[in-house]
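A.B. asks: Structure file input-v6.cif, mmCIF, C-alpha atoms, is pasted below:
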```cif
data_data
loop_
_atom_site.group_PDB
_atom_site.id
_atom_site.type_symbol
_atom_site.label_atom_id
_atom_site.label_comp_id
_atom_site.auth_asym_id
_atom_site.auth_seq_id
_atom_site.Cartn_x
_atom_site.Cartn_y
_atom_site.Cartn_z
ATOM 1 C CA MET B 1 0.000 0.000 0.000
ATOM 2 C CA LYS B 2 1.204 3.474 -0.890
ATOM 3 C CA ILE B 3 0.489 6.184 1.710
ATOM 4 C CA GLY B 4 0.977 9.936 1.334
ATOM 5 C CA VAL B 5 2.499 11.655 4.374
ATOM 6 C CA ILE B 6 2.367 15.369 5.061
ATOM 7 C CA SER B 7 2.854 17.663 8.041
ATOM 8 C CA ASP B 8 3.178 21.269 9.104
ATOM 9 C CA THR B 9 1.137 22.788 6.292
ATOM 10 C CA HIS B 10 0.527 25.916 8.432
ATOM 11 C CA ILE B 11 -2.099 27.265 6.033
ATOM 12 C CA ARG B 12 -4.054 30.058 7.723
ATOM 13 C CA SER B 13 -6.383 31.069 4.910
ATOM 14 C CA SER B 14 -8.309 29.299 2.180
ATOM 15 C CA ALA B 15 -6.783 31.909 -0.166
ATOM 16 C CA LYS B 16 -3.456 30.062 0.213
ATOM 17 C CA LEU B 17 -4.144 26.442 -0.591
ATOM 18 C CA LEU B 18 -1.945 23.392 -1.004
ATOM 19 C CA PRO B 19 0.764 23.429 -3.703
ATOM 20 C CA ASN B 20 -0.095 21.481 -6.866
ATOM 21 C CA ILE B 21 2.921 19.215 -6.392
ATOM 22 C CA ILE B 22 1.109 17.528 -3.507
ATOM 23 C CA PHE B 23 -1.638 16.342 -5.851
ATOM 24 C CA LYS B 24 0.949 14.967 -8.296
ATOM 25 C CA ALA B 25 3.073 13.291 -5.614
ATOM 26 C CA PHE B 26 0.048 11.722 -3.918
ATOM 27 C CA ASP B 27 -1.516 10.439 -7.136
ATOM 28 C CA GLY B 28 -2.388 6.786 -6.519
ATOM 29 C CA VAL B 29 -2.011 6.801 -2.728
ATOM 30 C CA GLU B 30 -4.629 4.829 -0.804
ATOM 31 C CA MET B 31 -4.576 7.084 2.244
ATOM 32 C CA ILE B 32 -2.932 10.245 3.544
ATOM 33 C CA LEU B 33 -1.477 10.848 6.994
ATOM 34 C CA HIS B 34 -1.246 14.454 8.226
ATOM 35 C CA ALA B 35 1.031 14.872 11.256
ATOM 36 C CA GLY B 36 -0.424 18.147 12.513
ATOM 37 C CA ASP B 37 -0.255 21.927 12.323
ATOM 38 C CA ILE B 38 -3.160 21.843 9.887
ATOM 39 C CA LEU B 39 -4.726 25.158 11.037
ATOM 40 C CA ILE B 40 -7.819 25.153 8.785
ATOM 41 C CA ASP B 41 -10.334 22.464 7.761
ATOM 42 C CA GLU B 42 -9.900 23.290 4.070
ATOM 43 C CA VAL B 43 -6.506 21.546 4.117
ATOM 44 C CA ILE B 44 -8.110 18.239 5.086
ATOM 45 C CA ILE B 45 -11.013 18.808 2.670
ATOM 46 C CA GLU B 46 -8.546 19.312 -0.205
ATOM 47 C CA LEU B 47 -6.485 16.251 0.750
ATOM 48 C CA GLU B 48 -9.668 14.147 0.937
ATOM 49 C CA THR B 49 -10.168 14.749 -2.790
ATOM 50 C CA ILE B 50 -7.098 12.514 -3.240
ATOM 51 C CA ALA B 51 -7.652 9.788 -0.605
ATOM 52 C CA PRO B 52 -9.007 9.251 2.916
ATOM 53 C CA VAL B 53 -7.087 11.331 5.485
ATOM 54 C CA TYR B 54 -6.010 10.410 9.008
ATOM 55 C CA ALA B 55 -4.768 13.410 10.958
ATOM 56 C CA VAL B 56 -3.636 14.584 14.376
ATOM 57 C CA ALA B 57 -3.528 18.090 15.776
ATOM 58 C CA GLY B 58 -0.253 19.938 16.235
ATOM 59 C CA ASN B 59 0.869 22.617 18.676
ATOM 60 C CA ASN B 60 -0.356 25.407 16.359
ATOM 61 C CA ASP B 61 -3.811 23.914 15.858
ATOM 62 C CA ASP B 62 -6.718 25.358 17.833
ATOM 63 C CA TYR B 63 -8.952 23.552 20.332
ATOM 64 C CA ASP B 64 -11.451 22.604 17.619
ATOM 65 C CA MET B 65 -8.718 20.748 15.720
ATOM 66 C CA LEU B 66 -7.461 19.194 18.941
ATOM 67 C CA TYR B 67 -10.969 17.972 19.780
ATOM 68 C CA LYS B 68 -11.558 16.691 16.246
ATOM 69 C CA TYR B 69 -8.233 14.903 15.680
ATOM 70 C CA GLY B 70 -6.517 14.406 19.047
ATOM 71 C CA THR B 71 -2.744 14.161 19.356
ATOM 72 C CA LYS B 72 -2.148 10.437 18.891
ATOM 73 C CA ARG B 73 -3.465 7.798 16.493
ATOM 74 C CA ILE B 74 -2.487 4.289 15.564
ATOM 75 C CA ILE B 75 -3.358 3.189 12.058
ATOM 76 C CA GLU B 76 -3.073 -0.493 11.096
ATOM 77 C CA VAL B 77 -2.094 -1.203 7.498
ATOM 78 C CA ASN B 78 -1.246 -4.647 6.106
ATOM 79 C CA GLY B 79 -0.453 -5.922 9.595
ATOM 80 C CA LYS B 80 1.819 -2.970 10.404
ATOM 81 C CA ARG B 81 1.071 -0.454 13.140
ATOM 82 C CA ILE B 82 1.789 3.188 12.308
ATOM 83 C CA GLY B 83 1.841 5.681 15.178
ATOM 84 C CA LEU B 84 0.847 9.187 14.097
ATOM 85 C CA THR B 85 1.575 12.251 16.241
ATOM 86 C CA HIS B 86 2.839 15.794 15.809
ATOM 87 C CA GLY B 87 5.777 15.698 18.190
ATOM 88 C CA SER B 88 7.234 18.326 20.460
ATOM 89 C CA SER B 89 10.447 20.041 21.564
ATOM 90 C CA ARG B 90 13.540 20.988 19.670
ATOM 91 C CA GLY B 91 16.399 18.689 18.855
ATOM 92 C CA ARG B 92 15.577 14.990 18.979
ATOM 93 C CA THR B 93 11.888 15.330 18.147
ATOM 94 C CA TYR B 94 11.717 11.714 17.017
ATOM 95 C CA LEU B 95 12.568 10.488 20.539
ATOM 96 C CA ASN B 96 9.709 12.504 22.013
ATOM 97 C CA ALA B 97 7.410 11.126 19.328
ATOM 98 C CA TYR B 98 8.578 7.588 20.089
ATOM 99 C CA ASP B 99 7.901 8.058 23.812
ATOM 100 C CA ILE B 100 4.225 8.608 22.986
ATOM 101 C CA PHE B 101 4.064 5.122 21.426
ATOM 102 C CA SER B 102 6.642 3.286 23.566
ATOM 103 C CA ARG B 103 3.963 0.944 24.990
ATOM 104 C CA ASN B 104 2.029 0.481 21.749
ATOM 105 C CA ASN B 105 4.326 -1.833 19.764
ATOM 106 C CA VAL B 106 4.378 0.273 16.582
ATOM 107 C CA ASP B 107 6.363 -0.482 13.432
ATOM 108 C CA CYS B 108 6.564 3.156 12.358
ATOM 109 C CA VAL B 109 6.318 6.553 14.046
ATOM 110 C CA VAL B 110 5.141 9.359 11.778
ATOM 111 C CA TYR B 111 5.633 12.812 13.254
ATOM 112 C CA GLY B 112 6.145 16.446 12.301
ATOM 113 C CA HIS B 113 6.824 19.613 14.312
ATOM 114 C CA SER B 114 10.509 20.104 13.446
ATOM 115 C CA HIS B 115 9.962 20.643 9.698
ATOM 116 C CA LYS B 116 13.110 18.475 9.280
ATOM 117 C CA PRO B 117 12.645 15.444 7.040
ATOM 118 C CA HIS B 118 13.675 12.202 8.734
ATOM 119 C CA ASN B 119 13.510 8.676 7.312
ATOM 120 C CA GLU B 120 15.438 6.259 9.494
ATOM 121 C CA MET B 121 15.006 2.731 10.807
ATOM 122 C CA ILE B 122 16.079 2.505 14.469
ATOM 123 C CA ASN B 123 15.829 -0.796 16.343
ATOM 124 C CA GLY B 124 13.200 -2.098 13.929
ATOM 125 C CA VAL B 125 11.013 1.030 14.052
ATOM 126 C CA LEU B 126 10.812 3.430 11.102
ATOM 127 C CA PHE B 127 10.938 7.077 12.197
ATOM 128 C CA PHE B 128 9.393 9.230 9.500
ATOM 129 C CA ASN B 129 8.972 12.996 9.344
ATOM 130 C CA PRO B 130 7.945 14.276 5.904
ATOM 131 C CA GLY B 131 9.121 17.843 6.599
ATOM 132 C CA SER B 132 6.808 20.541 5.279
ATOM 133 C CA PRO B 133 5.493 21.270 1.771
ATOM 134 C CA THR B 134 4.675 24.897 2.631
ATOM 135 C CA SER B 135 7.008 26.063 5.431
ATOM 136 C CA LYS B 136 10.589 24.832 5.003
ATOM 137 C CA ARG B 137 12.030 27.013 7.797
ATOM 138 C CA PHE B 138 15.773 26.298 7.852
ATOM 139 C CA GLU B 139 15.636 23.410 5.409
ATOM 140 C CA PRO B 140 16.976 23.981 1.880
ATOM 141 C CA ARG B 141 13.861 22.557 0.202
ATOM 142 C CA TYR B 142 10.178 21.861 0.784
ATOM 143 C CA SER B 143 9.265 18.221 1.274
ATOM 144 C CA LEU B 144 6.584 15.590 1.803
ATOM 145 C CA GLY B 145 6.687 11.828 1.994
ATOM 146 C CA LEU B 146 5.445 8.454 0.907
ATOM 147 C CA LEU B 147 5.233 5.259 2.941
ATOM 148 C CA TYR B 148 5.154 1.862 1.288
ATOM 149 C CA VAL B 149 3.597 -0.820 3.476
ATOM 150 C CA ASP B 150 3.534 -4.498 2.565
ATOM 151 C CA LYS B 151 5.484 -7.222 4.364
ATOM 152 C CA ASP B 152 7.913 -4.429 5.282
ATOM 153 C CA ILE B 153 7.486 -0.706 5.758
ATOM 154 C CA ARG B 154 9.707 1.874 4.115
ATOM 155 C CA GLY B 155 9.613 5.605 3.574
ATOM 156 C CA GLU B 156 10.592 8.017 0.843
ATOM 157 C CA ILE B 157 11.091 11.768 1.205
ATOM 158 C CA LEU B 158 10.208 13.856 -1.874
ATOM 159 C CA TYR B 159 11.949 17.230 -2.093
ATOM 160 C CA PHE B 160 10.889 20.172 -4.241
ATOM 161 C CA ASP B 161 11.459 23.927 -4.642
#
```
Please re-express this file's structure in structure tokens.

C.D. replies:
Amino acid sequence: MKIGVISDTHIRSSAKLLPNIIFKAFDGVEMILHAGDILIDEVIIELETIAPVYAVAGNNDDYDMLYKYGTKRIIEVNGKRIGLTHGSSRGRTYLNAYDIFSRNNVDCVVYGHSHKPHNEMINGVLFFNPGSPTSKRFEPRYSLGLLYVDKDIRGEILYFD
């Protein structure tokens, strides 16, 4: 199964919608994971035109988003358990994200917050941060990701300008 992964869209107005590259990159995905900092419902509505969306709220999302999406989800795909959260703190954000799922026996932790792409297998768990397609901060390029889940799980970061 091919899964689109996105985070930290930080879109505050429906006047500024998702970049077209997202629709091209996510063509053919069976679901989309959004790791928070969504800000407005229109982002999810747009992504749902591509595939079903599973999302969590981030630290910049309001209480309505927090109530609607929560801060932690586990999605089961082809026998693999994917933990989805936004993450917190600076530095080793992936460790904080892992702590949230340390008792849940997940195969993959998808997180955001840092805007730093990360695709690394550590002790049998894939840590995956797609970066941001709209707010690259200190990164040289915008990014988003794809997960491929079958008997194994692997990630791919897609970079663009």

A.B. asks: May I ask which of the residues B:Gly4, B:Gly83, B:Pro130, B:Gly70 is the closest one to Tyr98 in chain B, counting only C-alpha atoms?

C.D. replies: B:Gly83

A.B. asks: For the PyMOL selection byres ((chain B and resi 36) around 10), applied here, can you spell out every residue it catches as number ranges by chain?

C.D. replies: B: 6-10, 33-35, 37-39, 55-61, 65-66, 69-71, 84-87, 111-113

A.B. asks: Using 12 Å as the limit and counting only C-alpha atoms, can you tabulate each residue of range 73-135 of chain B that touches range 158-161 of chain B, with its shortest atom-to-atom distance in Å and the two atoms involved, as CSV?

C.D. replies:
```
residue,atom,partner,partner_atom,distance
B:Lys116,CA,B:Tyr159,CA,11.5
B:Pro117,CA,B:Tyr159,CA,9.3
B:His118,CA,B:Leu158,CA,11.3
B:Asn119,CA,B:Leu158,CA,11.1
B:Asn129,CA,B:Leu158,CA,11.3
B:Pro130,CA,B:Leu158,CA,8.1
B:Gly131,CA,B:Tyr159,CA,9.2
B:Ser132,CA,B:Tyr159,CA,9.6
B:Pro133,CA,B:Phe160,CA,8.2
B:Thr134,CA,B:Asp161,CA,10.0
B:Ser135,CA,B:Asp161,CA,11.2
```

A.B. asks: Let's have the selection written as a tab-separated table (two decimals), keeping the file's coordinate frame, with C-alpha atoms.

C.D. replies:
```tsv
chain	number	residue	atom	x	y	z
B	116	LYS	CA	13.11	18.48	9.28
B	117	PRO	CA	12.64	15.44	7.04
B	118	HIS	CA	13.68	12.20	8.73
B	119	ASN	CA	13.51	8.68	7.31
B	129	ASN	CA	8.97	13.00	9.34
B	130	PRO	CA	7.94	14.28	5.90
B	131	GLY	CA	9.12	17.84	6.60
B	132	SER	CA	6.81	20.54	5.28
B	133	PRO	CA	5.49	21.27	1.77
B	134	THR	CA	4.68	24.90	2.63
B	135	SER	CA	7.01	26.06	5.43
```

A.B. asks: When you count all atoms listed in the file, which of these residues is closest to Pro52 in chain B: B:Glu30, B:Glu139, B:Asp150, B:Asp99?

C.D. replies: B:Glu30

A.B. asks: Measuring between only C-alpha atoms, which one of B:Ala25, B:Leu95, B:Met1, B:Arg103 shows the shortest distance to Ser143 in chain B?

C.D. replies: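 Going through B:Ala25, B:Leu95, B:Met1, B:Arg103 one by one, the smallest distance to Ser143 in chain B is for B:Ala25.
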
A.B. asks: Have a look at CA of Ile157 in chain B and CA of Asp27 in chain B and let me know their distance in Å, one decimal.

C.D. replies: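 Going from CA of Ile157 in chain B over to CA of Asp27 in chain B covers 15.2 Å.
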
A.B. asks: Using the chain letters and numbers from the file, which residues does the PyMOL selection byres ((chain B and resi 76) around 12) grab, as a PDB file with C-alpha atoms, in the coordinates of the input?

C.D. replies:
```pdb
ATOM      1  CA  MET B   1       0.000   0.000   0.000  1.00  0.00           C
ATOM      2  CA  MET B  31      -4.576   7.084   2.244  1.00  0.00           C
ATOM      3  CA  TYR B  54      -6.010  10.410   9.008  1.00  0.00           C
ATOM      4  CA  ARG B  73      -3.465   7.798  16.493  1.00  0.00           C
ATOM      5  CA  ILE B  74      -2.487   4.289  15.564  1.00  0.00           C
ATOM      6  CA  ILE B  75      -3.358   3.189  12.058  1.00  0.00           C
ATOM      7  CA  VAL B  77      -2.094  -1.203   7.498  1.00  0.00           C
ATOM      8  CA  ASN B  78      -1.246  -4.647   6.106  1.00  0.00           C
ATOM      9  CA  GLY B  79      -0.453  -5.922   9.595  1.00  0.00           C
ATOM     10  CA  LYS B  80       1.819  -2.970  10.404  1.00  0.00           C
ATOM     11  CA  ARG B  81       1.071  -0.454  13.140  1.00  0.00           C
ATOM     12  CA  ILE B  82       1.789   3.188  12.308  1.00  0.00           C
ATOM     13  CA  GLY B  83       1.841   5.681  15.178  1.00  0.00           C
ATOM     14  CA  LEU B  84       0.847   9.187  14.097  1.00  0.00           C
ATOM     15  CA  ASN B 104       2.029   0.481  21.749  1.00  0.00           C
ATOM     16  CA  ASN B 105       4.326  -1.833  19.764  1.00  0.00           C
ATOM     17  CA  VAL B 106       4.378   0.273  16.582  1.00  0.00           C
ATOM     18  CA  ASP B 107       6.363  -0.482  13.432  1.00  0.00           C
ATOM     19  CA  CYS B 108       6.564   3.156  12.358  1.00  0.00           C
ATOM     20  CA  VAL B 149       3.597  -0.820   3.476  1.00  0.00           C
ATOM     21  CA  ASP B 150       3.534  -4.498   2.565  1.00  0.00           C
ATOM     22  CA  ILE B 153       7.486  -0.706   5.758  1.00  0.00           C
TER      23      ILE B 153
END
```

A.B. asks: Expressed in Å to a single decimal, how great is the separation between CA of Ile32 in chain B and CA of Val53 in chain B?

C.D. replies: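 So the two atoms, CA of Ile32 in chain B and CA of Val53 in chain B, lie 4.7 Å apart.
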
A.B. asks: Please expand the PyMOL selection byres ((chain B and resi 26) around 8) into the concrete residues it hits in this file, giving the result as a PyMOL selection string.

C.D. replies: chain B and resi 3-4+22-25+27-29+50+146

A.B. asks: Could you write out that same residue set with C-alpha atoms as a short mmCIF file (atom, residue, chain, number, x, y, z; two decimals), keeping the file's coordinate frame?

C.D. replies:
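Resulting contents of selection.cif:
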```cif
data_model
loop_
_atom_site.label_atom_id
_atom_site.label_comp_id
_atom_site.auth_asym_id
_atom_site.auth_seq_id
_atom_site.Cartn_x
_atom_site.Cartn_y
_atom_site.Cartn_z
CA ILE B 3 0.49 6.18 1.71
CA GLY B 4 0.98 9.94 1.33
CA ILE B 22 1.11 17.53 -3.51
CA PHE B 23 -1.64 16.34 -5.85
CA LYS B 24 0.95 14.97 -8.30
CA ALA B 25 3.07 13.29 -5.61
CA ASP B 27 -1.52 10.44 -7.14
CA GLY B 28 -2.39 6.79 -6.52
CA VAL B 29 -2.01 6.80 -2.73
CA ILE B 50 -7.10 12.51 -3.24
CA LEU B 146 5.44 8.45 0.91
#
```

A.B. asks: Report the distance between CA of Ile11 in chain B and CA of Ile40 in chain B in Å, rounded to one decimal place.

C.D. replies: 6.7 Å

A.B. asks: My list of candidates is B:Phe128, B:Ala51, B:Glu46, B:Tyr63. Which is closest to Lys2 in chain B when distances are computed with only C-alpha atoms?

C.D. replies: B:Ala51

A.B. asks: Out of B:Val43, B:Glu120, B:Asn96, B:Leu18, which residue has the shortest atom-to-atom distance to Glu156 in chain B when counting all atoms listed in the file?

C.D. replies: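 Comparing B:Val43, B:Glu120, B:Asn96, B:Leu18 against Glu156 in chain B, the winner is B:Glu120.
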
A.B. asks: Would you compute, for all listed atoms of range 56-74 of chain B, the axis-aligned bounding box grown by 8 Å on each side, and then report its centre and edge lengths in Å rounded to one decimal, as JSON?

C.D. replies:
```
{"center_x": -5.3, "center_y": 14.8, "center_z": 17.4, "size_x": 28.4, "size_y": 37.1, "size_z": 22.0}
```

A.B. asks: Considering only C-alpha atoms, state which residue in the set B:Gly145, B:Arg154, B:Glu42, B:Phe101 is at the smallest distance from Lys16 in chain B.

C.D. replies: B:Glu42
